[in-house]
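Structure data follow from upload-v2.txt (compact mmCIF, C-alpha atoms):
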```
# COMPACT_ATOMS: atom_id res chain seq x y z
CA MET A 55 73.92 86.91 80.97
CA ALA A 56 70.76 86.44 83.13
CA HIS A 57 72.43 83.36 84.56
CA ASP A 58 75.51 85.42 85.44
CA GLU A 59 73.40 87.96 87.28
CA ASN A 60 71.58 85.24 89.22
CA GLY A 61 74.95 83.78 90.15
CA MET A 62 76.14 87.16 91.34
CA ALA A 63 72.92 87.85 93.32
CA ASP A 64 73.04 84.40 94.92
CA PHE A 65 76.69 84.94 95.84
CA GLU A 66 75.92 88.28 97.47
CA LEU A 67 72.93 86.87 99.32
CA ARG A 68 74.98 84.03 100.79
CA LEU A 69 77.81 86.38 101.77
CA LYS A 70 75.36 88.70 103.55
CA ASP A 71 73.81 85.73 105.32
CA HIS A 72 77.15 84.46 106.59
CA ALA A 73 78.26 87.96 107.55
CA LYS A 74 75.11 88.40 109.67
CA HIS A 75 75.87 85.11 111.43
CA LEU A 76 79.45 86.27 112.02
CA ILE A 77 78.41 89.54 113.68
CA ASP A 78 75.70 87.75 115.60
CA SER A 79 78.15 85.11 116.97
CA LEU A 80 80.73 87.77 117.85
CA GLU A 81 78.10 89.80 119.75
CA ARG A 82 77.03 86.70 121.59
CA GLY A 83 80.72 85.91 122.34
CA CYS A 84 80.59 82.53 120.56
CA PHE A 85 84.02 82.61 118.91
CA GLY A 86 83.85 79.01 117.71
CA GLU A 87 80.72 79.85 115.66
CA ALA A 88 82.37 83.06 114.42
CA VAL A 89 85.42 81.19 113.08
CA GLU A 90 83.07 78.75 111.38
CA SER A 91 81.25 81.67 109.74
CA ILE A 92 84.56 83.10 108.49
CA GLN A 93 85.37 79.72 106.96
CA GLN A 94 81.96 79.62 105.30
CA ILE A 95 82.51 83.13 103.90
CA ASN A 96 85.83 81.97 102.45
CA GLN A 97 84.20 78.86 101.01
CA THR A 98 81.40 80.87 99.41
CA ARG A 99 83.91 83.22 97.85
CA ASP A 100 86.04 80.32 96.57
CA GLN A 101 83.00 78.49 95.18
CA GLY A 102 81.84 81.65 93.41
CA LEU A 103 85.29 82.11 91.99
CA TYR A 104 85.58 78.50 90.81
CA LEU A 105 82.15 78.65 89.22
CA GLU A 106 82.98 81.90 87.48
CA VAL A 107 86.40 80.70 86.31
CA GLY A 108 84.77 77.52 85.02
CA ARG A 109 82.15 79.48 83.13
CA LEU A 110 84.78 81.89 81.83
CA THR A 111 86.89 79.01 80.53
CA ARG A 112 83.91 77.65 78.61
CA GLN A 113 83.01 81.08 77.21
CA LEU A 114 86.63 81.76 76.35
CA HIS A 115 86.78 78.51 74.46
CA SER A 116 83.63 79.28 72.49
CA ALA A 117 84.84 82.83 71.82
CA ILE A 118 88.11 81.47 70.46
CA VAL A 119 86.21 79.00 68.31
CA LYS A 120 84.11 81.91 67.05
CA LEU A 121 87.22 83.92 66.29
CA GLU A 122 88.72 80.86 64.61
CA MET A 123 92.12 82.17 65.54
CA ASP A 124 93.24 78.67 66.34
CA ALA A 125 92.32 76.33 63.52
CA SER A 126 92.83 73.21 65.69
CA CYS A 127 89.83 74.32 67.85
CA ASN A 128 87.26 73.50 65.18
CA GLY A 129 88.91 70.48 63.71
CA LEU A 130 90.19 72.40 60.70
CA LYS A 131 93.67 70.97 61.11
CA GLY A 132 95.97 71.97 58.29
CA GLU A 133 93.67 74.73 57.08
CA ALA A 134 94.49 78.39 57.60
CA SER A 135 92.59 80.22 60.37
CA GLN A 136 90.53 83.27 59.43
CA ILE A 137 93.18 85.61 60.78
CA THR A 138 95.94 83.88 58.81
CA ASP A 139 93.66 83.96 55.81
CA ALA A 140 93.03 87.71 56.29
CA THR A 141 96.77 88.34 56.57
CA GLN A 142 97.33 86.47 53.33
CA ARG A 143 94.55 88.42 51.67
CA LEU A 144 96.06 91.74 52.71
CA SER A 145 99.50 90.64 51.47
CA TYR A 146 97.78 89.87 48.19
CA VAL A 147 96.42 93.45 48.10
CA VAL A 148 99.93 94.84 48.62
CA GLU A 149 101.27 92.56 45.91
CA VAL A 150 98.56 93.36 43.35
CA THR A 151 98.67 97.13 43.90
CA GLU A 152 102.46 97.11 43.66
CA ARG A 153 102.31 95.15 40.42
CA ALA A 154 99.73 97.60 39.01
CA ALA A 155 101.81 100.64 40.04
CA ASN A 156 104.93 99.19 38.40
CA ARG A 157 103.06 98.17 35.26
CA THR A 158 101.60 101.69 34.96
CA MET A 159 105.00 103.30 35.46
CA ASP A 160 106.60 100.93 32.90
CA LEU A 161 104.00 101.99 30.34
CA VAL A 162 104.38 105.69 31.13
CA GLU A 163 108.17 105.42 30.81
CA ASP A 164 107.65 103.60 27.51
CA CYS A 165 105.51 106.51 26.24
CA ALA A 166 107.91 109.30 27.22
CA PRO A 167 110.46 108.92 24.37
CA LEU A 168 107.63 108.60 21.77
CA VAL A 169 106.07 111.86 22.92
CA GLY A 170 109.55 113.40 23.09
CA TYR A 171 110.25 112.50 19.45
CA ILE A 172 106.89 113.81 18.18
CA ASN A 173 107.35 117.07 20.07
CA TYR A 174 110.95 117.60 18.94
CA GLU A 175 110.40 116.67 15.27
CA ALA A 176 107.14 118.66 14.98
CA GLN A 177 108.89 121.81 16.24
CA SER A 178 111.80 121.33 13.89
CA LEU A 179 109.50 120.66 10.91
CA SER A 180 107.36 123.70 11.73
CA GLU A 181 110.40 125.94 11.45
CA ASP A 182 111.31 124.49 8.05
CA TRP A 183 107.67 124.63 6.98
CA ARG A 184 107.51 128.33 7.80
CA CYS A 185 110.65 128.85 5.65
CA PHE A 186 108.89 127.04 2.81
CA MET A 187 105.75 129.21 3.21
CA ARG A 188 107.95 132.27 3.01
CA ARG A 189 109.38 130.74 -0.23
CA GLU A 190 112.85 130.64 1.26
CA LEU A 191 113.63 127.01 0.36
CA THR A 192 115.60 125.86 -2.66
CA PRO A 193 114.06 122.97 -4.65
CA GLU A 194 116.74 120.71 -3.15
CA GLN A 195 115.81 121.78 0.43
CA PHE A 196 112.12 121.31 -0.39
CA ARG A 197 112.72 117.72 -1.57
CA GLU A 198 114.60 117.10 1.70
CA LEU A 199 111.66 118.58 3.67
CA THR A 200 109.05 116.40 1.92
CA LYS A 201 111.11 113.30 2.77
CA ARG A 202 111.28 114.36 6.41
CA ILE A 203 107.54 115.08 6.51
CA ASP A 204 106.86 111.69 4.97
CA SER A 205 108.98 109.90 7.55
CA PHE A 206 107.50 112.02 10.37
CA LEU A 207 103.93 111.14 9.35
CA GLY A 208 104.87 107.45 9.20
CA ARG A 209 106.51 107.48 12.62
CA THR A 210 103.71 109.55 14.15
CA THR A 211 101.13 107.03 12.97
CA GLU A 212 103.20 104.20 14.45
CA SER A 213 103.80 106.13 17.69
CA SER A 214 100.15 107.05 18.12
CA ASP A 215 99.20 103.37 17.70
CA LYS A 216 101.76 102.51 20.38
CA LEU A 217 100.56 105.37 22.62
CA SER A 218 96.93 104.38 22.35
CA ASP A 219 97.93 100.78 23.08
CA ASN A 220 99.84 101.87 26.17
CA LEU A 221 96.98 104.09 27.36
CA ASN A 222 94.62 101.13 27.08
CA ASN A 223 97.04 98.97 29.04
CA ILE A 224 97.35 101.67 31.71
CA LEU A 225 93.58 101.60 31.96
CA LEU A 226 93.58 97.82 32.28
CA ALA A 227 96.29 97.96 34.95
CA GLN A 228 93.69 99.64 37.21
CA ASP A 229 91.55 96.48 37.31
CA PHE A 230 93.13 95.65 40.70
CA GLN A 231 90.67 98.09 42.33
CA ASP A 232 87.79 95.65 41.91
CA LEU A 233 89.76 92.70 43.35
CA THR A 234 91.42 94.57 46.21
CA GLY A 235 88.11 96.27 47.05
CA GLN A 236 86.41 92.89 47.53
CA VAL A 237 89.30 91.52 49.60
CA ILE A 238 89.47 94.59 51.85
CA LYS A 239 85.70 94.52 52.42
CA ARG A 240 85.93 90.90 53.61
CA VAL A 241 88.80 91.67 55.94
CA THR A 242 86.95 94.70 57.33
CA GLN A 243 83.96 92.48 58.08
CA LEU A 244 86.20 89.99 59.89
CA ILE A 245 87.77 92.77 61.97
CA THR A 246 84.32 93.96 63.04
CA GLU A 247 83.44 90.42 64.15
CA VAL A 248 86.74 90.04 66.00
CA GLU A 249 86.14 93.35 67.74
CA SER A 250 82.76 92.31 69.10
CA SER A 251 84.16 88.94 70.24
CA LEU A 252 87.00 90.70 72.04
CA LEU A 253 84.52 93.05 73.68
CA GLU A 254 82.69 89.99 75.04
CA LEU A 255 85.96 88.67 76.44
CA VAL A 256 86.62 91.98 78.19
CA LEU A 257 83.15 91.86 79.76
CA MET A 258 83.78 88.30 80.97
CA ALA A 259 87.13 89.27 82.44
CA SER A 260 85.53 92.15 84.34
CA LYS A 261 83.05 89.63 85.90
CA VAL A 262 85.96 87.57 87.22
CA ASN A 263 87.62 90.69 88.57
CA GLN A 264 84.40 91.48 90.43
CA PHE A 265 84.30 88.03 92.08
CA ALA A 266 87.97 87.94 92.94
CA GLY A 267 87.94 91.56 94.13
CA ILE A 268 90.73 92.58 91.75
CA SER A 269 90.93 96.23 90.73
CA HIS A 270 93.27 97.82 88.21
CA ASP A 271 95.19 101.04 88.60
CA GLN A 272 93.47 103.21 85.97
CA ASP A 273 96.13 105.93 86.18
CA GLU A 274 98.87 103.42 85.51
CA LEU A 275 96.97 102.01 82.52
CA ARG A 276 96.42 105.49 81.16
CA ALA A 277 100.10 106.42 81.61
CA GLU A 278 101.13 103.28 79.74
CA HIS A 279 98.69 104.09 76.96
CA GLN A 280 100.16 107.57 76.61
CA LYS A 281 103.69 106.16 76.54
CA ASN A 282 102.69 103.77 73.74
CA ALA A 283 101.04 106.62 71.80
CA ALA A 284 104.23 108.71 71.98
CA ALA A 285 106.31 105.75 70.77
CA SER A 286 103.96 105.16 67.83
CA LEU A 287 104.24 108.86 66.88
CA ALA A 288 108.03 108.51 66.64
CA ARG A 289 107.80 105.29 64.62
CA GLY A 290 105.31 106.87 62.25
CA GLU A 291 101.60 106.17 61.92
CA GLY A 292 101.00 106.27 58.18
CA PRO A 293 98.19 108.22 56.52
CA GLN A 294 95.68 109.86 58.89
CA MET A 295 91.96 109.34 58.36
CA ARG A 296 89.45 112.23 58.36
CA ALA A 297 92.35 114.70 58.44
CA ASP A 298 90.06 117.61 57.52
CA LYS A 299 88.01 117.14 60.70
CA ARG A 300 90.89 116.84 63.14
CA GLU A 301 92.80 119.56 64.95
CA ASP A 302 96.02 117.62 65.57
CA VAL A 303 96.49 116.66 61.92
CA VAL A 304 97.36 118.84 58.93
CA SER A 305 94.90 118.63 56.05
CA GLY A 306 97.38 119.18 53.22
CA GLN A 307 100.61 120.76 52.03
CA ASP A 308 99.29 124.31 52.61
CA ASP A 309 98.72 123.45 56.28
CA VAL A 310 102.26 122.05 56.54
CA ASP A 311 103.69 125.21 54.96
CA ASP A 312 101.69 127.44 57.34
CA LEU A 313 102.83 125.44 60.36
CA LEU A 314 106.48 125.50 59.29
CA SER A 315 106.41 129.22 58.53
CA SER A 316 104.86 129.84 61.98
CA LEU A 317 107.94 128.02 63.34
CA GLY A 318 110.19 130.44 61.46
CA PHE A 319 110.87 128.32 58.37
CA MET B 46 113.39 132.27 39.47
CA ARG B 47 115.75 132.15 36.51
CA LEU B 48 118.75 132.94 38.72
CA LEU B 49 117.69 130.05 40.89
CA GLU B 50 117.66 127.63 37.98
CA VAL B 51 121.32 128.46 37.42
CA ALA B 52 122.14 128.04 41.10
CA LEU B 53 120.61 124.54 41.18
CA ASP B 54 123.29 122.01 40.32
CA LYS B 55 121.47 119.44 38.19
CA ASN B 56 124.36 117.06 38.68
CA MET B 57 124.07 116.89 42.44
CA LYS B 58 123.92 113.41 43.92
CA ILE B 59 120.58 112.64 45.59
CA LEU B 60 119.70 109.72 47.88
CA ILE B 61 116.03 108.64 47.87
CA VAL B 62 114.99 106.66 50.97
CA ASP B 63 111.58 104.94 51.08
CA ASP B 64 110.57 101.38 51.96
CA PHE B 65 108.18 101.15 48.99
CA SER B 66 109.93 100.66 45.68
CA THR B 67 107.03 102.23 43.77
CA MET B 68 107.34 105.46 45.78
CA ARG B 69 111.11 105.52 45.18
CA ARG B 70 110.41 105.09 41.48
CA ILE B 71 107.86 107.93 41.45
CA ILE B 72 110.25 110.30 43.22
CA LYS B 73 113.12 109.24 40.96
CA ASN B 74 110.99 109.92 37.86
CA LEU B 75 109.84 113.31 39.15
CA LEU B 76 113.44 114.28 39.96
CA ARG B 77 114.51 113.20 36.48
CA ASP B 78 111.77 115.40 35.00
CA LEU B 79 113.26 118.27 37.01
CA GLY B 80 116.66 117.47 35.49
CA PHE B 81 118.22 115.58 38.41
CA THR B 82 119.48 112.27 37.07
CA ASN B 83 122.23 111.47 39.59
CA THR B 84 120.14 109.52 42.12
CA ALA B 85 120.55 106.45 44.32
CA GLU B 86 118.01 104.54 46.43
CA ALA B 87 117.81 102.95 49.89
CA ASP B 88 114.87 101.19 51.55
CA ASP B 89 115.36 102.38 55.14
CA GLY B 90 117.56 104.53 57.38
CA ALA B 91 119.86 101.69 58.35
CA THR B 92 120.77 101.10 54.69
CA ALA B 93 120.86 104.81 53.89
CA LEU B 94 123.23 105.99 56.63
CA PRO B 95 126.35 104.05 55.50
CA MET B 96 125.59 105.08 51.90
CA LEU B 97 125.50 108.73 52.98
CA GLN B 98 128.70 108.33 55.00
CA ASN B 99 130.62 106.82 52.07
CA GLY B 100 128.89 108.21 49.01
CA HIS B 101 129.41 112.00 48.77
CA PHE B 102 125.71 112.79 48.47
CA ASP B 103 124.50 116.39 48.17
CA PHE B 104 120.84 115.96 49.07
CA LEU B 105 118.67 113.50 51.01
CA VAL B 106 114.99 112.82 50.30
CA THR B 107 113.48 110.50 52.91
CA ASP B 108 110.21 108.95 54.04
CA TRP B 109 109.40 108.81 57.79
CA ASN B 110 107.68 105.50 58.44
CA MET B 111 110.06 102.68 57.53
CA PRO B 112 110.99 99.35 59.13
CA GLY B 113 114.40 99.27 60.79
CA MET B 114 115.59 102.86 61.07
CA THR B 115 112.87 105.50 60.54
CA GLY B 116 113.32 108.74 58.62
CA ILE B 117 113.30 110.90 61.76
CA GLU B 118 116.05 108.72 63.26
CA LEU B 119 118.01 109.01 60.02
CA LEU B 120 117.61 112.80 60.09
CA ARG B 121 118.94 112.91 63.67
CA ALA B 122 121.85 110.63 62.75
CA VAL B 123 122.71 112.90 59.80
CA ARG B 124 122.61 116.03 61.97
CA ALA B 125 124.80 114.30 64.58
CA ASP B 126 127.43 113.28 62.01
CA GLU B 127 130.20 115.87 61.73
CA ARG B 128 130.62 115.35 57.97
CA LEU B 129 126.91 115.10 57.10
CA LYS B 130 125.36 117.64 59.46
CA ASN B 131 124.97 120.37 56.82
CA MET B 132 123.32 118.13 54.22
CA PRO B 133 119.91 119.42 53.08
CA VAL B 134 117.14 116.96 53.98
CA LEU B 135 113.65 116.87 52.48
CA MET B 136 111.05 114.68 54.17
CA VAL B 137 108.39 113.22 51.86
CA THR B 138 105.93 111.34 54.06
CA ALA B 139 102.34 110.44 54.87
CA GLU B 140 102.91 111.43 58.52
CA ALA B 141 100.56 114.37 59.00
CA LYS B 142 100.32 115.04 62.74
CA ARG B 143 101.27 118.57 63.75
CA ASP B 144 103.47 117.20 66.56
CA GLN B 145 105.41 115.14 64.05
CA ILE B 146 106.02 118.09 61.73
CA ILE B 147 107.21 120.15 64.70
CA GLU B 148 109.44 117.25 65.76
CA ALA B 149 110.97 117.06 62.28
CA ALA B 150 111.52 120.83 62.22
CA GLN B 151 113.22 120.67 65.61
CA ALA B 152 115.41 117.79 64.39
CA GLY B 153 116.59 120.09 61.59
CA VAL B 154 114.63 119.09 58.49
CA ASN B 155 114.93 121.53 55.54
CA GLY B 156 111.58 120.78 53.91
CA TYR B 157 108.47 118.70 54.60
CA VAL B 158 106.15 117.35 51.88
CA VAL B 159 103.03 115.35 52.84
CA LYS B 160 101.86 112.48 50.64
CA PRO B 161 99.97 112.49 48.37
CA PHE B 162 101.92 115.28 46.68
CA THR B 163 102.26 116.79 43.21
CA ALA B 164 105.30 117.27 40.96
CA GLN B 165 104.85 121.02 41.40
CA VAL B 166 105.06 120.84 45.21
CA LEU B 167 108.20 118.69 45.06
CA LYS B 168 109.82 121.16 42.66
CA GLU B 169 108.91 124.17 44.82
CA LYS B 170 110.29 122.62 48.00
CA ILE B 171 113.57 121.58 46.37
CA GLU B 172 114.03 125.07 44.89
CA LYS B 173 113.23 126.67 48.25
CA ILE B 174 115.73 124.46 50.07
CA PHE B 175 118.60 125.31 47.73
CA GLN B 176 117.65 128.95 47.57
CA ARG B 177 118.03 129.06 51.34
CA VAL B 178 121.15 126.90 51.37
CA SER B 179 122.94 128.98 48.74
CA GLY B 180 121.52 132.28 50.01
```
Starting from the file, give its structure as structure tokens.
Amino acid sequence: MAHDENGMADFELRLKDHAKHLIDSLERGCFGEAVESIQQINQTRDQGLYLEVGRLTRQLHSAIVKLEMDASCNGLKGEASQITDATQRLSYVVEVTERAANRTMDLVEDCAPLVGYINYEAQSLSEDWRCFMRRELTPEQFRELTKRIDSFLGRTTESSDKLSDNLNNILLAQDFQDLTGQVIKRVTQLITEVESSLLELVLMASKVNQFAGISHDQDELRAEHQKNAAASLARGEGPQMRADKREDVVSGQDDVDDLLSSLGF
Amino acid sequence: MRLLEVALDKNMKILIVDDFSTMRRIIKNLLRDLGFTNTAEADDGATALPMLQNGHFDFLVTDWNMPGMTGIELLRAVRADERLKNMPVLMVTAEAKRDQIIEAAQAGVNGYVVKPFTAQVLKEKIEKIFQRVSG
């Protein structure tokens, strides 16, 4: 960066020098010298620009190598770049979490009829049991009841084994958290590195703008940004982060209900 | 509340629209727990709209953020369709910006549930929608 500043200072110094000559020649009425000074000013500007573009190209190249967006840059032909790798890793997270969600739901659905049977049969047996306690059953009905109780106890034991098995498997289906956590941490780290590299690129680009005398219409940029924001709102943005600390975002269903009722819903 | 239970037709045909199959499955299971078993699924608005136009559905439950046609676009298409315009629509979505909720209300949504949600909230909103529709 020190080198950049020297370059800039040198550039300015030479421009000032030539400009002084230009005014001087014009005041003295030496137009030939003045035209020569104008040419020298142009040359200085061009040289500065070429130097800066040259340096930018080198820095751009090294930034790209650092980003490893293009695998051919660092002789890793055939191997995935870090960005491709990160994309694959995130797809893996989607895949693993989806598999875990489906596995959990399979197991829950498998449990539902077992619980349903236990609940239904226990209620029905309780009624008959109360009849027995009130001595309302005939010996024949009592024999029938003992058979049903026997079969119920057998099936309940079997079902509770199955239920406890399923609960264990539901627990195990959550093991994705460890794997996806590690993957997401790595990708987050990469994104932070990419961000700082991009920031460097922006700084470099602003240097070139300075040399070439290019300026951007800030209002136009801002208008475009707003247009993009409105479009993304219509497409949907997904879950909002730190919803409880933001004014423009609801923090839960109660907030939604309040907002809708304020609109006359 | 008991009167309401009677008014709710458990046989009504419901279309669930969400791009994630797990979310469709969760909603389908919750609806089944509430007694609604006549459900069909679509993974975005573009698939859902022809189904709605040909399928005699009574109720639409849709996500917002989907590839292809979004839920808000689907809602507008439903309201613009002469035969579908009176269909009750419940939005179940992670979209939580106030502007978006206002937009959905202006587009004619009948209920808005933000994810993550509970079975109880889903039940309440469905009951409220049909209470209003029948009342």
**OP:** Could you check which of B:Asn131, B:Leu79, B:Asn56, B:Ala122 is closest to Ala164 (chain B), using only C-alpha atoms?
**Re:** B:Leu79
Report as lines of an AutoDock Vina configuration file the centre and the edge lengths, in Å to one decimal, of the axis-aligned box holding every listed atom of region 245-255 of chain A, padded by 5 Å on each side.
```
center_x = 85.2
center_y = 91.3
center_z = 69.2
size_x = 15.1
size_y = 15.3
size_z = 24.5
```
**OP:** Kindly extract all protein, DNA and RNA residues lying within 10 Å of the coordinates (115.5, 99.4, 46.6) given in the file, considering only C-alpha atoms, and supply them as a list in words.
**Re:**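 Residues close enough to count: Ile61, Val62, Asp63, Asp64, Phe65, Ser66, Thr67, Arg69, Arg70, Ala85, Glu86, Ala87, Asp88, Asp89 and Thr92 of chain B.
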Subject >> Phe104 (chain B) environment, 12 Å, all atoms listed in the file, sequence neighbours closer than 2 positions dropped, as an MDAnalysis selection string >> reply: chainID B and resid 53:62 76 81 83:85 97 100:102 106:107 120 123 129:136 154:156 171 174:175 178
Original post:
Between CA of Gln231 (chain A) and CA of Glu149 (chain A), what is the spacing in Å?
Top reply: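 CA of Gln231 (chain A) lies at a distance of 12.5 Å from CA of Glu149 (chain A).
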**OP:** Find the residues of chain A in contact range of chain B, meaning any atom within 12 Å when counting all atoms listed in the file, and list them as an NGL selection string.
**Re:** :A and (148-149 or 151-160 or 162-163 or 166 or 284-298 or 300-319)
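Minimum distance to Ile72 (chain B) across B:Leu119, B:Ala93, B:Ala152, B:Val137 (counting all atoms listed in the file) occurs at B:Val137.
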**OP:** Tell me, in Å to one decimal, how far CA of Val169 (chain A) is from CA of Gly208 (chain A).
**Re:** 14.5 Å
Subject >> Point-to-point distance in Å for CA of Glu198 (chain A) and CA of Tyr174 (chain A) >> reply: 17.6 Å
Since fewer atoms than expected are present, regenerate all heavy atoms for region 100-108 of chain A and write them as a compact mmCIF listing (two decimals), in the frame of the given file.
```
# COMPACT_ATOMS: atom_id res chain seq x y z
N ASP A 100 85.30 81.25 97.42
CA ASP A 100 86.04 80.32 96.57
C ASP A 100 85.13 79.64 95.57
O ASP A 100 85.43 79.56 94.37
CB ASP A 100 86.76 79.26 97.41
CG ASP A 100 87.95 79.85 98.14
OD1 ASP A 100 88.30 81.01 97.82
OD2 ASP A 100 88.50 79.17 99.03
N GLN A 101 83.95 79.18 96.08
CA GLN A 101 83.00 78.49 95.18
C GLN A 101 82.58 79.40 94.04
O GLN A 101 82.56 79.01 92.88
CB GLN A 101 81.76 78.03 95.96
CG GLN A 101 81.93 76.65 96.55
CD GLN A 101 80.79 76.31 97.51
OE1 GLN A 101 79.84 77.08 97.62
NE2 GLN A 101 80.92 75.19 98.19
N GLY A 102 82.25 80.67 94.43
CA GLY A 102 81.84 81.65 93.41
C GLY A 102 82.93 81.82 92.37
O GLY A 102 82.67 81.81 91.17
N LEU A 103 84.15 81.91 92.87
CA LEU A 103 85.29 82.11 91.99
C LEU A 103 85.47 80.92 91.05
O LEU A 103 85.63 81.07 89.85
CB LEU A 103 86.55 82.32 92.84
CG LEU A 103 87.73 83.00 92.16
CD1 LEU A 103 87.33 84.37 91.66
CD2 LEU A 103 88.90 83.10 93.13
N TYR A 104 85.41 79.70 91.64
CA TYR A 104 85.58 78.50 90.81
C TYR A 104 84.51 78.43 89.73
O TYR A 104 84.79 78.15 88.57
CB TYR A 104 85.53 77.22 91.67
CG TYR A 104 86.69 77.08 92.62
CD1 TYR A 104 86.53 76.43 93.84
CD2 TYR A 104 87.94 77.60 92.29
CE1 TYR A 104 87.59 76.31 94.73
CE2 TYR A 104 89.01 77.49 93.17
CZ TYR A 104 88.83 76.86 94.40
OH TYR A 104 89.87 76.75 95.25
N LEU A 105 83.27 78.69 90.18
CA LEU A 105 82.15 78.65 89.22
C LEU A 105 82.40 79.62 88.07
O LEU A 105 82.25 79.30 86.90
CB LEU A 105 80.85 79.01 89.91
CG LEU A 105 80.09 77.87 90.58
CD1 LEU A 105 78.88 78.43 91.31
CD2 LEU A 105 79.65 76.85 89.53
N GLU A 106 82.80 80.85 88.48
CA GLU A 106 82.98 81.90 87.48
C GLU A 106 84.14 81.57 86.55
O GLU A 106 84.04 81.74 85.33
CB GLU A 106 83.21 83.24 88.19
CG GLU A 106 83.00 84.45 87.32
CD GLU A 106 81.63 84.46 86.64
OE1 GLU A 106 80.63 83.95 87.21
OE2 GLU A 106 81.58 84.95 85.51
N VAL A 107 85.25 81.06 87.13
CA VAL A 107 86.40 80.70 86.31
C VAL A 107 86.01 79.57 85.34
O VAL A 107 86.36 79.59 84.17
CB VAL A 107 87.61 80.28 87.18
CG1 VAL A 107 88.69 79.62 86.33
CG2 VAL A 107 88.18 81.50 87.89
N GLY A 108 85.23 78.62 85.87
CA GLY A 108 84.77 77.52 85.02
C GLY A 108 83.95 78.03 83.85
O GLY A 108 84.19 77.66 82.70
```
